[in-house]
file data24.txt (compact mmCIF, C-alpha atoms)
# COMPACT_ATOMS: atom_id res chain seq x y z
CA MET A 30 71.26 81.07 -27.97
CA LYS A 31 71.18 81.37 -24.19
CA TYR A 32 74.45 80.67 -22.41
CA GLU A 33 72.94 77.74 -20.46
CA PHE A 34 72.14 75.86 -23.66
CA PHE A 35 75.49 76.72 -25.28
CA ILE A 36 77.50 75.58 -22.25
CA GLY A 37 75.36 72.46 -21.87
CA LEU A 38 76.17 71.45 -25.44
CA ARG A 39 79.88 72.06 -24.87
CA TYR A 40 79.86 69.86 -21.77
CA LEU A 41 78.43 66.98 -23.82
CA SER A 42 81.24 67.21 -26.38
CA SER A 43 84.04 64.71 -25.98
CA ARG A 44 87.44 65.86 -24.79
CA ARG A 45 90.34 63.83 -23.55
CA LYS A 46 89.82 64.64 -19.90
CA GLN A 47 86.08 64.00 -20.06
CA LYS A 48 86.23 61.04 -22.44
CA PHE A 49 84.96 58.52 -19.89
CA ALA A 50 82.00 60.75 -18.96
CA SER A 51 81.16 61.18 -22.65
CA ILE A 52 81.18 57.40 -23.13
CA ILE A 53 78.76 57.01 -20.22
CA GLY A 54 76.57 59.69 -21.84
CA LEU A 55 76.64 57.77 -25.13
CA ILE A 56 75.70 54.57 -23.30
CA SER A 57 72.81 56.46 -21.68
CA VAL A 58 71.53 57.57 -25.09
CA LEU A 59 71.82 54.00 -26.38
CA GLY A 60 69.95 52.69 -23.33
CA VAL A 61 67.08 55.14 -23.88
CA ILE A 62 66.96 54.22 -27.59
CA ILE A 63 66.76 50.48 -26.88
CA GLY A 64 64.19 50.92 -24.10
CA VAL A 65 61.86 53.16 -26.11
CA MET A 66 62.26 51.06 -29.26
CA ALA A 67 61.55 47.76 -27.47
CA LEU A 68 58.58 49.18 -25.59
CA ASN A 69 56.99 50.61 -28.75
CA VAL A 70 57.50 47.40 -30.73
CA VAL A 71 56.09 45.14 -28.01
CA LEU A 72 53.07 47.38 -27.38
CA SER A 73 52.36 47.49 -31.13
CA VAL A 74 52.62 43.70 -31.43
CA MET A 75 50.43 43.14 -28.37
CA GLY A 76 47.88 45.63 -29.71
CA GLY A 77 47.92 43.90 -33.08
CA PHE A 78 47.48 40.50 -31.47
CA GLU A 79 44.52 41.76 -29.41
CA GLU A 80 42.89 43.35 -32.46
CA GLU A 81 43.44 40.23 -34.60
CA LEU A 82 42.00 37.98 -31.91
CA ARG A 83 39.02 40.30 -31.41
CA GLU A 84 38.27 40.33 -35.14
CA LYS A 85 38.39 36.55 -35.34
CA ILE A 86 36.15 36.11 -32.30
CA LEU A 87 33.65 38.70 -33.57
CA GLY A 88 33.75 37.01 -36.96
CA VAL A 89 32.14 33.96 -35.37
CA SER A 90 30.06 35.61 -32.64
CA SER A 91 27.83 38.64 -33.04
CA HIS A 92 28.31 41.90 -31.14
CA VAL A 93 25.06 41.57 -29.16
CA VAL A 94 22.85 38.55 -28.47
CA ILE A 95 19.19 38.91 -27.47
CA LEU A 96 17.96 36.06 -25.28
CA SER A 97 14.89 35.27 -23.20
CA TYR A 98 14.63 34.19 -19.58
CA ASP A 99 11.75 31.93 -20.66
CA GLY A 100 14.04 29.92 -22.93
CA PRO A 101 13.40 29.59 -26.69
CA MET A 102 11.72 32.58 -28.40
CA LYS A 103 8.41 32.07 -30.18
CA ASP A 104 8.20 35.64 -31.48
CA TYR A 105 11.79 35.87 -32.65
CA SER A 106 10.68 37.52 -35.94
CA LYS A 107 9.29 40.54 -34.07
CA VAL A 108 12.43 40.78 -31.96
CA GLU A 109 14.54 40.64 -35.11
CA ASP A 110 12.51 43.43 -36.76
CA LYS A 111 12.74 45.70 -33.72
CA ALA A 112 16.48 45.12 -33.40
CA SER A 113 17.04 45.82 -37.11
CA GLU A 114 15.25 49.18 -36.86
CA PHE A 115 17.29 50.34 -33.85
CA PRO A 116 19.81 53.16 -34.57
CA GLY A 117 23.38 51.90 -34.75
CA VAL A 118 22.38 48.33 -35.68
CA ILE A 119 23.46 47.09 -39.13
CA GLY A 120 22.18 43.53 -38.97
CA ALA A 121 20.05 41.07 -36.99
CA SER A 122 19.47 37.35 -37.47
CA PRO A 123 17.80 34.55 -35.47
CA PHE A 124 19.75 31.46 -34.45
CA ILE A 125 19.35 28.10 -32.74
CA TYR A 126 22.09 26.71 -30.54
CA GLY A 127 22.44 23.00 -29.87
CA GLN A 128 24.99 20.28 -29.32
CA GLY A 129 25.37 16.87 -30.84
CA MET A 130 27.69 14.13 -31.96
CA MET A 131 28.85 14.10 -35.56
CA ALA A 132 29.58 10.68 -37.06
CA SER A 133 30.96 9.63 -40.43
CA GLU A 134 32.23 6.36 -41.86
CA HIS A 135 35.71 7.20 -40.59
CA ASN A 136 35.38 8.95 -37.23
CA VAL A 137 33.20 10.57 -34.58
CA ALA A 138 33.45 14.08 -33.10
CA GLY A 139 31.41 16.39 -30.90
CA SER A 140 30.00 19.52 -32.47
CA VAL A 141 28.15 22.72 -31.62
CA VAL A 142 25.27 22.86 -34.07
CA ARG A 143 24.02 26.31 -34.98
CA GLY A 144 20.84 26.81 -36.92
CA ILE A 145 21.01 30.03 -38.96
CA ASP A 146 18.96 31.98 -41.46
CA PRO A 147 21.07 31.95 -44.67
CA GLY A 148 19.47 35.20 -45.81
CA THR A 149 20.57 37.26 -42.80
CA ALA A 150 23.40 35.29 -41.12
CA GLY A 151 26.03 37.06 -43.25
CA SER A 152 24.94 40.43 -41.84
CA VAL A 153 25.92 39.55 -38.25
CA THR A 154 28.96 37.26 -38.61
CA ASN A 155 31.78 36.60 -41.08
CA ILE A 156 30.35 33.23 -42.13
CA GLU A 157 30.47 34.23 -45.82
CA GLN A 158 34.18 35.12 -45.68
CA ALA A 159 34.90 31.90 -43.76
CA LEU A 160 33.14 29.88 -46.45
CA GLY A 161 35.13 31.75 -49.11
CA ARG A 162 38.38 30.78 -47.38
CA GLY A 163 37.09 27.23 -47.11
CA LEU A 164 36.78 27.09 -50.90
CA LEU A 165 40.50 27.89 -51.19
CA GLY A 166 41.40 24.80 -49.15
CA GLY A 167 44.92 24.75 -47.71
CA LYS A 168 46.28 27.67 -49.76
CA GLU A 169 47.08 29.87 -46.76
CA GLU A 170 49.07 32.49 -48.68
CA GLU A 171 46.33 32.85 -51.27
CA LYS A 172 43.71 33.34 -48.55
CA ASP A 173 45.61 36.36 -47.22
CA ARG A 174 45.83 37.93 -50.68
CA VAL A 175 42.15 37.57 -51.61
CA PRO A 176 40.11 40.68 -50.57
CA ASP A 177 37.36 40.20 -48.01
CA GLU A 178 34.74 41.41 -50.51
CA GLN A 179 35.70 38.67 -52.96
CA LEU A 180 35.70 36.05 -50.20
CA SER A 181 32.21 37.19 -49.18
CA ARG A 182 30.92 36.83 -52.75
CA MET A 183 32.42 33.36 -52.99
CA GLY A 184 31.02 32.30 -49.62
CA LYS A 185 27.55 33.75 -50.23
CA GLU A 186 26.91 31.17 -52.93
CA VAL A 187 27.90 28.37 -50.57
CA LEU A 188 25.77 29.79 -47.77
CA GLY A 189 22.77 29.82 -50.10
CA LYS A 190 23.08 26.01 -50.44
CA LEU A 191 21.56 25.67 -46.94
CA GLU A 192 18.19 26.67 -48.45
CA LYS A 193 18.46 24.32 -51.43
CA GLU A 194 17.81 20.60 -51.68
CA THR A 195 20.90 18.45 -51.98
CA ALA A 196 21.51 15.76 -54.59
CA SER A 197 20.92 13.03 -52.01
CA GLY A 198 17.78 14.65 -50.65
CA LYS A 199 19.39 14.97 -47.19
CA PRO A 200 19.36 18.37 -45.46
CA PRO A 201 22.57 20.38 -46.05
CA ILE A 202 25.17 21.11 -43.39
CA LEU A 203 28.31 23.29 -43.27
CA LEU A 204 31.35 21.99 -41.37
CA GLY A 205 34.51 23.65 -40.10
CA ARG A 206 37.73 22.72 -41.87
CA GLU A 207 39.25 20.91 -38.86
CA LEU A 208 35.98 19.16 -38.06
CA ALA A 209 35.72 17.94 -41.66
CA ASN A 210 39.32 16.71 -41.52
CA THR A 211 38.62 14.87 -38.25
CA LEU A 212 35.58 13.18 -39.75
CA GLY A 213 37.40 12.51 -43.02
CA VAL A 214 34.65 14.04 -45.18
CA VAL A 215 34.52 16.49 -48.08
CA GLU A 216 31.73 18.36 -49.82
CA GLY A 217 29.06 15.91 -51.02
CA ASP A 218 29.71 13.30 -48.30
CA GLN A 219 27.12 12.43 -45.68
CA VAL A 220 27.41 12.66 -41.91
CA SER A 221 25.08 11.56 -39.12
CA LEU A 222 24.10 14.05 -36.43
CA VAL A 223 23.27 12.39 -33.13
CA SER A 224 21.43 14.05 -30.26
CA PRO A 225 21.05 12.37 -26.86
CA PHE A 226 17.71 14.11 -26.35
CA GLY A 227 15.44 11.91 -28.44
CA LYS A 228 11.97 10.54 -27.97
CA MET A 229 10.97 8.52 -24.93
CA GLY A 230 10.78 4.75 -25.50
CA PRO A 231 9.96 1.77 -23.33
CA PHE A 232 13.52 1.79 -21.99
CA GLY A 233 13.80 5.58 -21.58
CA ALA A 234 15.00 8.31 -23.91
CA THR A 235 16.51 7.17 -27.19
CA ALA A 236 19.12 9.05 -29.18
CA LYS A 237 17.94 10.99 -32.21
CA VAL A 238 19.91 10.42 -35.42
CA LYS A 239 19.60 12.32 -38.68
CA LYS A 240 21.72 12.24 -41.81
CA PHE A 241 23.00 15.45 -43.42
CA GLU A 242 24.95 16.11 -46.60
CA VAL A 243 28.05 18.31 -46.41
CA ALA A 244 27.24 21.36 -48.57
CA GLY A 245 30.36 23.37 -47.79
CA ILE A 246 33.41 23.78 -45.56
CA PHE A 247 34.31 27.03 -43.79
CA ASP A 248 37.59 28.28 -42.37
CA TYR A 249 37.59 30.98 -39.66
CA GLY A 250 41.32 30.61 -39.09
CA MET A 251 40.90 29.57 -35.43
CA ILE A 252 41.14 25.88 -34.68
CA GLU A 253 38.81 26.25 -31.67
CA TYR A 254 35.95 27.22 -33.98
CA ASP A 255 36.87 25.26 -37.10
CA SER A 256 37.03 22.02 -35.12
CA SER A 257 33.77 22.30 -33.22
CA ILE A 258 31.12 24.32 -35.10
CA SER A 259 28.66 23.21 -37.78
CA TYR A 260 25.84 25.17 -39.41
CA VAL A 261 22.45 24.02 -40.64
CA ASP A 262 19.40 25.87 -41.91
CA LEU A 263 17.17 27.36 -39.22
CA LYS A 264 14.23 25.18 -40.22
CA ASP A 265 16.33 22.00 -40.18
CA ALA A 266 17.61 22.93 -36.70
CA MET A 267 14.02 23.47 -35.51
CA ASP A 268 13.08 20.03 -36.76
CA PHE A 269 16.13 18.28 -35.29
CA PHE A 270 15.96 19.94 -31.86
CA ASP A 271 12.12 19.88 -31.68
CA MET A 272 11.85 23.67 -31.58
CA THR A 273 9.04 24.22 -34.08
CA GLY A 274 8.54 27.95 -34.63
CA GLU A 275 11.11 28.81 -31.95
CA ALA A 276 14.66 30.16 -31.90
CA SER A 277 17.31 30.28 -29.19
CA GLY A 278 17.80 34.02 -29.69
CA VAL A 279 18.62 36.84 -32.08
CA GLU A 280 22.15 37.93 -33.00
CA VAL A 281 22.79 41.63 -33.59
CA LYS A 282 25.69 43.46 -35.27
CA VAL A 283 26.37 47.14 -34.52
CA LYS A 284 28.37 49.81 -36.38
CA ASN A 285 30.70 50.60 -33.48
CA ILE A 286 31.71 47.56 -31.44
CA TYR A 287 32.49 49.76 -28.44
CA GLU A 288 28.85 50.90 -28.33
CA ALA A 289 27.60 47.31 -28.14
CA ARG A 290 27.05 47.44 -24.36
CA GLY A 291 24.94 50.61 -24.50
CA ILE A 292 22.92 49.46 -27.51
CA GLY A 293 22.33 46.08 -25.87
CA ASN A 294 21.03 47.71 -22.68
CA GLU A 295 18.69 49.98 -24.67
CA LEU A 296 17.39 47.05 -26.70
CA ALA A 297 16.68 45.09 -23.52
CA SER A 298 14.83 48.10 -22.10
CA ILE A 299 12.72 48.52 -25.24
CA LEU A 300 11.87 44.81 -25.55
CA GLY A 301 11.15 44.51 -21.83
CA PHE A 302 10.90 41.38 -19.70
CA PRO A 303 11.63 38.47 -20.28
CA TYR A 304 14.26 39.60 -22.83
CA TYR A 305 17.84 40.41 -21.93
CA THR A 306 21.04 40.99 -23.88
CA ARG A 307 24.68 39.97 -23.72
CA ASN A 308 27.46 41.77 -25.57
CA TRP A 309 30.83 40.58 -26.84
CA GLU A 310 32.73 42.31 -24.01
CA GLU A 311 30.80 40.38 -21.36
CA VAL A 312 31.18 37.04 -23.12
CA ASN A 313 34.95 37.44 -23.66
CA LYS A 314 35.68 39.62 -20.63
CA SER A 315 38.23 37.32 -19.00
CA LEU A 316 40.20 36.81 -22.24
CA PHE A 317 40.60 40.48 -23.15
CA LYS A 318 41.21 41.45 -19.53
CA ALA A 319 44.08 38.94 -19.42
CA LEU A 320 45.52 40.39 -22.65
CA ARG A 321 45.41 43.95 -21.27
CA LEU A 322 47.04 42.89 -18.00
CA GLU A 323 49.73 41.10 -19.99
CA ARG A 324 50.36 44.23 -22.04
CA ILE A 325 50.64 46.37 -18.89
CA ALA A 326 53.02 43.87 -17.24
CA ILE A 327 55.28 43.73 -20.30
CA ALA A 328 55.27 47.54 -20.53
CA ILE A 329 56.36 47.82 -16.90
CA PHE A 330 59.21 45.32 -17.30
CA LEU A 331 60.45 46.91 -20.51
CA GLY A 332 60.13 50.33 -18.88
CA LEU A 333 62.87 49.22 -16.51
CA ILE A 334 65.28 49.46 -19.45
CA ILE A 335 64.52 53.18 -19.66
CA LEU A 336 64.95 53.43 -15.90
CA VAL A 337 68.40 51.84 -16.14
CA ALA A 338 69.29 54.32 -18.87
CA ALA A 339 68.09 57.11 -16.58
CA LEU A 340 70.45 55.88 -13.86
CA ASP A 341 73.25 56.09 -16.42
CA ILE A 342 72.24 59.70 -16.99
CA VAL A 343 72.59 60.34 -13.25
CA SER A 344 76.06 58.76 -13.31
CA ALA A 345 77.16 60.71 -16.38
CA LEU A 346 75.96 64.06 -15.03
CA THR A 347 77.45 63.40 -11.61
CA MET A 348 80.85 62.77 -13.19
CA VAL A 349 80.51 65.91 -15.30
CA VAL A 350 79.63 67.96 -12.20
CA MET A 351 82.68 66.58 -10.38
CA GLU A 352 84.98 67.33 -13.33
CA LYS A 353 83.49 70.77 -14.01
CA GLY A 354 83.75 72.06 -10.45
CA ARG A 355 86.28 74.75 -11.47
CA ASP A 356 84.12 75.80 -14.45
CA ILE A 357 81.06 76.06 -12.23
CA ALA A 358 82.96 78.25 -9.77
CA ILE A 359 84.17 80.55 -12.56
CA LEU A 360 80.67 80.85 -13.97
CA ARG A 361 79.32 81.72 -10.54
CA ALA A 362 82.09 84.31 -10.10
CA MET A 363 81.16 85.81 -13.48
CA GLY A 364 77.57 86.28 -12.33
CA ALA A 365 75.81 83.04 -13.24
CA THR A 366 72.94 82.31 -10.86
CA ARG A 367 72.17 79.01 -9.15
CA ASN A 368 69.20 78.59 -11.50
CA GLY A 369 71.53 79.13 -14.47
CA ILE A 370 73.87 76.35 -13.29
CA LEU A 371 70.83 74.16 -12.62
CA LYS A 372 69.56 74.72 -16.18
CA ILE A 373 72.97 73.85 -17.72
CA PHE A 374 72.98 70.32 -16.31
CA ILE A 375 69.24 69.79 -16.80
CA ILE A 376 69.79 70.68 -20.46
CA ASP A 377 72.64 68.13 -20.61
CA GLY A 378 70.40 65.36 -19.31
CA MET A 379 67.40 66.40 -21.41
CA ILE A 380 69.49 66.38 -24.60
CA ILE A 381 70.40 62.76 -23.83
CA GLY A 382 66.77 61.91 -23.04
CA ILE A 383 65.21 63.70 -26.03
CA VAL A 384 67.75 62.39 -28.56
CA GLY A 385 67.42 58.83 -27.19
CA THR A 386 63.60 59.03 -27.13
CA LEU A 387 63.38 60.46 -30.64
CA LEU A 388 65.74 57.87 -32.14
CA GLY A 389 64.05 55.08 -30.16
CA SER A 390 60.59 56.14 -31.39
CA LEU A 391 61.76 56.37 -35.00
CA SER A 392 63.55 53.01 -34.90
CA GLY A 393 60.55 51.41 -33.16
CA TYR A 394 58.21 52.78 -35.82
CA GLY A 395 60.56 51.53 -38.54
CA ILE A 396 60.63 48.01 -37.10
CA CYS A 397 56.83 47.96 -36.71
CA TYR A 398 56.38 49.22 -40.27
CA MET A 399 58.68 46.52 -41.65
CA LEU A 400 56.92 43.80 -39.63
CA LYS A 401 53.59 45.01 -40.97
CA THR A 402 54.49 45.49 -44.63
CA SER A 403 57.45 43.27 -45.44
CA GLU A 404 56.36 39.80 -46.56
CA THR A 405 59.96 38.58 -46.32
CA ILE A 406 60.19 39.45 -42.63
CA ARG A 407 56.79 37.90 -41.92
CA LYS A 408 57.98 34.63 -43.43
CA LEU A 409 60.99 34.64 -41.10
CA ILE A 410 58.58 34.50 -38.12
CA PRO A 411 56.10 31.72 -39.03
CA PHE A 412 53.02 30.92 -36.96
CA ASP A 413 51.43 27.50 -36.78
CA ASN A 414 47.66 27.86 -37.21
CA ASN A 415 47.17 24.77 -35.07
CA VAL A 416 48.82 26.55 -32.13
CA TYR A 417 48.17 30.26 -32.66
CA PRO A 418 44.92 31.96 -33.76
CA ILE A 419 46.95 34.07 -36.21
CA SER A 420 48.87 33.26 -39.38
CA GLU A 421 51.42 36.11 -39.33
CA PHE A 422 53.05 38.62 -37.00
CA PRO A 423 50.30 41.06 -35.96
CA VAL A 424 51.25 44.73 -35.63
CA LYS A 425 49.02 47.70 -34.85
CA ILE A 426 50.81 51.06 -34.93
CA GLU A 427 48.95 53.32 -32.48
CA PRO A 428 50.21 56.94 -32.27
CA PHE A 429 48.75 57.24 -28.76
CA TYR A 430 51.12 54.59 -27.38
CA PHE A 431 54.11 56.09 -29.20
CA PHE A 432 53.42 59.53 -27.74
CA THR A 433 52.74 58.06 -24.29
CA VAL A 434 56.01 56.12 -24.27
CA ALA A 435 57.89 59.21 -25.47
CA PHE A 436 56.31 61.38 -22.79
CA PHE A 437 57.16 59.05 -19.92
CA SER A 438 60.65 58.44 -21.28
CA ILE A 439 61.40 62.17 -21.33
CA LEU A 440 59.79 62.57 -17.90
CA ILE A 441 61.99 59.81 -16.42
CA CYS A 442 65.09 61.38 -17.98
CA PHE A 443 64.10 64.78 -16.59
CA ILE A 444 63.70 63.39 -13.09
CA ALA A 445 67.10 61.70 -13.43
CA THR A 446 68.76 65.07 -14.12
CA LEU A 447 67.43 66.77 -11.00
CA TYR A 448 69.80 65.35 -8.36
CA PRO A 449 73.15 66.07 -10.11
CA SER A 450 71.85 69.43 -11.36
CA ILE A 451 70.79 70.53 -7.90
CA GLN A 452 74.14 69.41 -6.49
CA ALA A 453 75.92 71.47 -9.14
CA SER A 454 73.86 74.56 -8.39
CA ARG A 455 74.71 74.30 -4.67
CA LYS A 456 78.48 74.29 -5.18
CA ASP A 457 80.27 77.09 -3.35
CA PRO A 458 82.57 78.92 -5.84
CA VAL A 459 85.03 79.86 -3.07
CA GLU A 460 85.45 76.23 -1.98
CA ALA A 461 85.75 75.08 -5.60
CA LEU A 462 88.55 77.58 -6.40
CA ARG A 463 90.46 77.32 -3.12
CA TYR A 464 92.63 74.42 -4.21
CA GLU A 465 92.90 75.38 -7.91

call {"tool": "encode", "arguments": {"input": "data24.txt", "output": "structure tokens"}}
result
Amino acid sequence: MKYEFFIGLRYLSSRRKQKFASIIGLISVLGVIIGVMALNVVLSVMGGFEEELREKILGVSSHVVILSYDGPMKDYSKVEDKASEFPGVIGASPFIYGQGMMASEHNVAGSVVRGIDPGTAGSVTNIEQALGRGLLGGKEEEKDRVPDEQLSRMGKEVLGKLEKETASGKPPILLGRELANTLGVVEGDQVSLVSPFGKMGPFGATAKVKKFEVAGIFDYGMIEYDSSISYVDLKDAMDFFDMTGEASGVEVKVKNIYEARGIGNELASILGFPYYTRNWEEVNKSLFKALRLERIAIAIFLGLIILVAALDIVSALTMVVMEKGRDIAILRAMGATRNGILKIFIIDGMIIGIVGTLLGSLSGYGICYMLKTSETIRKLIPFDNNVYPISEFPVKIEPFYFFTVAFFSILICFIATLYPSIQASRKDPVEALRYE
């Protein structure tokens, strides 16, 4: 063991004369622990929230959408085939997008009507899982326990009802849970879909009204979608919106969501004009940008805790330097160099920083692990699905953020040791011993 490290450890030990300095050192360690722990926990929760929100949004919307500048696509089948054959694409499905007013015997509500192909819609969105959750009704805890594969199998049967004739002979429709609650309908009831763009009459355009039978109810877990979206078969949507043989576009799902932009650009290049693509990052750019900015802002504010702890390190080392003036002079007289004295006090500060960072990282990981795995703790922090797009505390443990926080914490602590260490190394041994 080099003498610098040995002496540095001795200076951190508590003695009567240096008791106050040791207390400040202990407070510094505690400050680093709290700062690192809080920063890791908040970054993990923010990362989990962003991932949970992204999964829910991409469960409703596809990764890439192929559209046409000319409006509705007449050759959507060819576009779908070309997209399906492209490397990195795992699913493609045509869709029709329209808006209307949904009316029942009890209430009226606006709705986004999406015409889908039941055979391929499950390959680009999580509609099958949403329908599976819809079958479970209000059993929120049970929904979380059922595996996604089982939910998909349950929902696939419901999705297939869009292609079958209903008992009433009316075309089938799938409603979101909140939309169904607003209308006061359940499976088997009938609703009227009203479009303002009807046929022209002697007094102008008349509204188009068509009755549908509720074939199923889906639950995406986000009130924004469950209260406004309804699904019908692609052919029924063509008939209702007067788009015979046409589709609004083609939805595409890719293996790696972060390659969606590149794949979309290549697809647009292959298909040529008038086709163009939009990816999930472009559509939700403002939302995810706001989440990242929020994460950065929180990280900066919580990083101030570590900075305060670093200032405590400066105070503790400064007091040690003042109290150890005679020891420094003796060490210099015995042959210790200025660099040796410098290393002694840098080691003191780095021990505080490393111990605090290590304990803070471990405690932060422990809290994140408990939040992620302990059902008891999750129940203590309930989330209202009507307010938040999540049902439980989201946590994503990312090693990159833990290592980054640890690196900057140690770096801040190192910088904090420089001033008192340099002052100690500049002490003149003659002046220090003159009045001893």

call {"tool": "residues_around", "arguments": {"input": "data24.txt", "residues": "Ala328 (chain A)", "least_positions_apart": "3", "cutoff": "12 Å", "atoms": "all atoms listed in the file", "output": "short mmCIF file (atom, residue, chain, number, x, y, z; two decimals) with C-alpha atoms, in the coordinates of the input"}}
result
data_model
loop_
_atom_site.label_atom_id
_atom_site.label_comp_id
_atom_site.auth_asym_id
_atom_site.auth_seq_id
_atom_site.Cartn_x
_atom_site.Cartn_y
_atom_site.Cartn_z
CA GLY A 64 64.19 50.92 -24.10
CA VAL A 65 61.86 53.16 -26.11
CA MET A 66 62.26 51.06 -29.26
CA ALA A 67 61.55 47.76 -27.47
CA LEU A 68 58.58 49.18 -25.59
CA ASN A 69 56.99 50.61 -28.75
CA VAL A 70 57.50 47.40 -30.73
CA VAL A 71 56.09 45.14 -28.01
CA LEU A 72 53.07 47.38 -27.38
CA SER A 73 52.36 47.49 -31.13
CA VAL A 74 52.62 43.70 -31.43
CA MET A 75 50.43 43.14 -28.37
CA GLY A 76 47.88 45.63 -29.71
CA ARG A 321 45.41 43.95 -21.27
CA LEU A 322 47.04 42.89 -18.00
CA GLU A 323 49.73 41.10 -19.99
CA ARG A 324 50.36 44.23 -22.04
CA ILE A 325 50.64 46.37 -18.89
CA LEU A 331 60.45 46.91 -20.51
CA GLY A 332 60.13 50.33 -18.88
CA LEU A 333 62.87 49.22 -16.51
CA ILE A 334 65.28 49.46 -19.45
CA ILE A 335 64.52 53.18 -19.66
CA TYR A 430 51.12 54.59 -27.38
CA THR A 433 52.74 58.06 -24.29
CA VAL A 434 56.01 56.12 -24.27
CA PHE A 437 57.16 59.05 -19.92
#

call {"tool": "closest_residue", "arguments": {"input": "data24.txt", "among": "A:Gln452, A:Asp99, A:Pro147, A:Glu275", "to": "Asn368 (chain A)", "atoms": "all atoms listed in the file"}}
result
A:Gln452

call {"tool": "residues_around", "arguments": {"input": "data24.txt", "residues": "Asp248 (chain A)", "least_positions_apart": "3", "cutoff": "7 Å", "atoms": "only C-alpha atoms", "output": "VMD selection string"}}
result
chain A and resid 159 to 160 162 to 163 205 to 206 255

call {"tool": "atom_distance", "arguments": {"input": "data24.txt", "atom1": "CA of Leu388 (chain A)", "atom2": "CA of Ile451 (chain A)"}}
result
27.8 Å

call {"tool": "closest_residue", "arguments": {"input": "data24.txt", "among": "A:Glu186, A:Glu253, A:Ile125, A:Tyr260", "to": "Pro200 (chain A)", "atoms": "all atoms listed in the file"}}
result
A:Tyr260

call {"tool": "atom_distance", "arguments": {"input": "data24.txt", "atom1": "CA of Gly217 (chain A)", "atom2": "CA of Arg143 (chain A)"}}
result
19.8 Å

call {"tool": "residues_around", "arguments": {"input": "data24.txt", "residues": "Leu188 (chain A)", "least_positions_apart": "6", "cutoff": "9 Å", "atoms": "all atoms listed in the file", "output": "CSV table (one decimal) with C-alpha atoms, keeping the file's coordinate frame"}}
result
chain,number,residue,atom,x,y,z
A,147,PRO,CA,21.1,32.0,-44.7
A,148,GLY,CA,19.5,35.2,-45.8
A,150,ALA,CA,23.4,35.3,-41.1
A,151,GLY,CA,26.0,37.1,-43.2
A,156,ILE,CA,30.4,33.2,-42.1
A,157,GLU,CA,30.5,34.2,-45.8
A,160,LEU,CA,33.1,29.9,-46.4
A,203,LEU,CA,28.3,23.3,-43.3
A,244,ALA,CA,27.2,21.4,-48.6
A,245,GLY,CA,30.4,23.4,-47.8

call {"tool": "closest_atom_pairs", "arguments": {"input": "data24.txt", "of": "region 102-216 of chain A", "to": "region 298-316 of chain A", "cutoff": "12 Å", "atoms": "only C-alpha atoms", "output": "JSON lines"}}
result
{"residue": "A:Met102", "atom": "CA", "partner": "A:Tyr304", "partner_atom": "CA", "distance": 9.3}
{"residue": "A:Asp104", "atom": "CA", "partner": "A:Tyr304", "partner_atom": "CA", "distance": 11.3}
{"residue": "A:Tyr105", "atom": "CA", "partner": "A:Tyr304", "partner_atom": "CA", "distance": 10.8}
{"residue": "A:Lys107", "atom": "CA", "partner": "A:Leu300", "partner_atom": "CA", "distance": 9.9}
{"residue": "A:Val108", "atom": "CA", "partner": "A:Leu300", "partner_atom": "CA", "distance": 7.6}
{"residue": "A:Glu109", "atom": "CA", "partner": "A:Leu300", "partner_atom": "CA", "distance": 10.8}
{"residue": "A:Asp110", "atom": "CA", "partner": "A:Leu300", "partner_atom": "CA", "distance": 11.3}
{"residue": "A:Lys111", "atom": "CA", "partner": "A:Leu300", "partner_atom": "CA", "distance": 8.3}
{"residue": "A:Ala112", "atom": "CA", "partner": "A:Leu300", "partner_atom": "CA", "distance": 9.1}
{"residue": "A:Glu114", "atom": "CA", "partner": "A:Ile299", "partner_atom": "CA", "distance": 11.9}
{"residue": "A:Phe115", "atom": "CA", "partner": "A:Ile299", "partner_atom": "CA", "distance": 9.9}

call {"tool": "atom_distance", "arguments": {"input": "data24.txt", "atom1": "CA of Ala339 (chain A)", "atom2": "CA of Phe374 (chain A)"}}
result
14.1 Å

call {"tool": "closest_residue", "arguments": {"input": "data24.txt", "among": "A:Val279, A:Leu212, A:Ile383, A:Leu440", "to": "Ser113 (chain A)", "atoms": "only C-alpha atoms"}}
result
A:Val279

call {"tool": "closest_residue", "arguments": {"input": "data24.txt", "among": "A:Glu242, A:Ser277, A:Lys193, A:Phe270", "to": "Ser122 (chain A)", "atoms": "all atoms listed in the file"}}
result
A:Ser277

call {"tool": "axis_aligned_box", "arguments": {"input": "data24.txt", "around": "region 306-314 of chain A", "padding_each_side": "4 Å", "output": "JSON"}}
result
{"center_x": 28.4, "center_y": 39.7, "center_z": -23.7, "size_x": 22.6, "size_y": 13.3, "size_z": 14.2}

call {"tool": "residues_around", "arguments": {"input": "data24.txt", "residues": "region 344-351 of chain A", "least_positions_apart": "6", "cutoff": "6 Å", "atoms": "all atoms listed in the file", "output": "count of residues only"}}
result
5

call {"tool": "closest_residue", "arguments": {"input": "data24.txt", "among": "A:Val94, A:Leu360, A:Val61, A:Ile258", "to": "Val283 (chain A)", "atoms": "all atoms listed in the file"}}
result
A:Val94

call {"tool": "closest_residue", "arguments": {"input": "data24.txt", "among": "A:Val153, A:Leu164, A:Leu180, A:Val223", "to": "Val137 (chain A)", "atoms": "only C-alpha atoms"}}
result
A:Val223

call {"tool": "residues_around", "arguments": {"input": "data24.txt", "residues": "Val220 (chain A)", "least_positions_apart": "2", "cutoff": "8 Å", "atoms": "all atoms listed in the file", "output": "count of residues only"}}
result
10
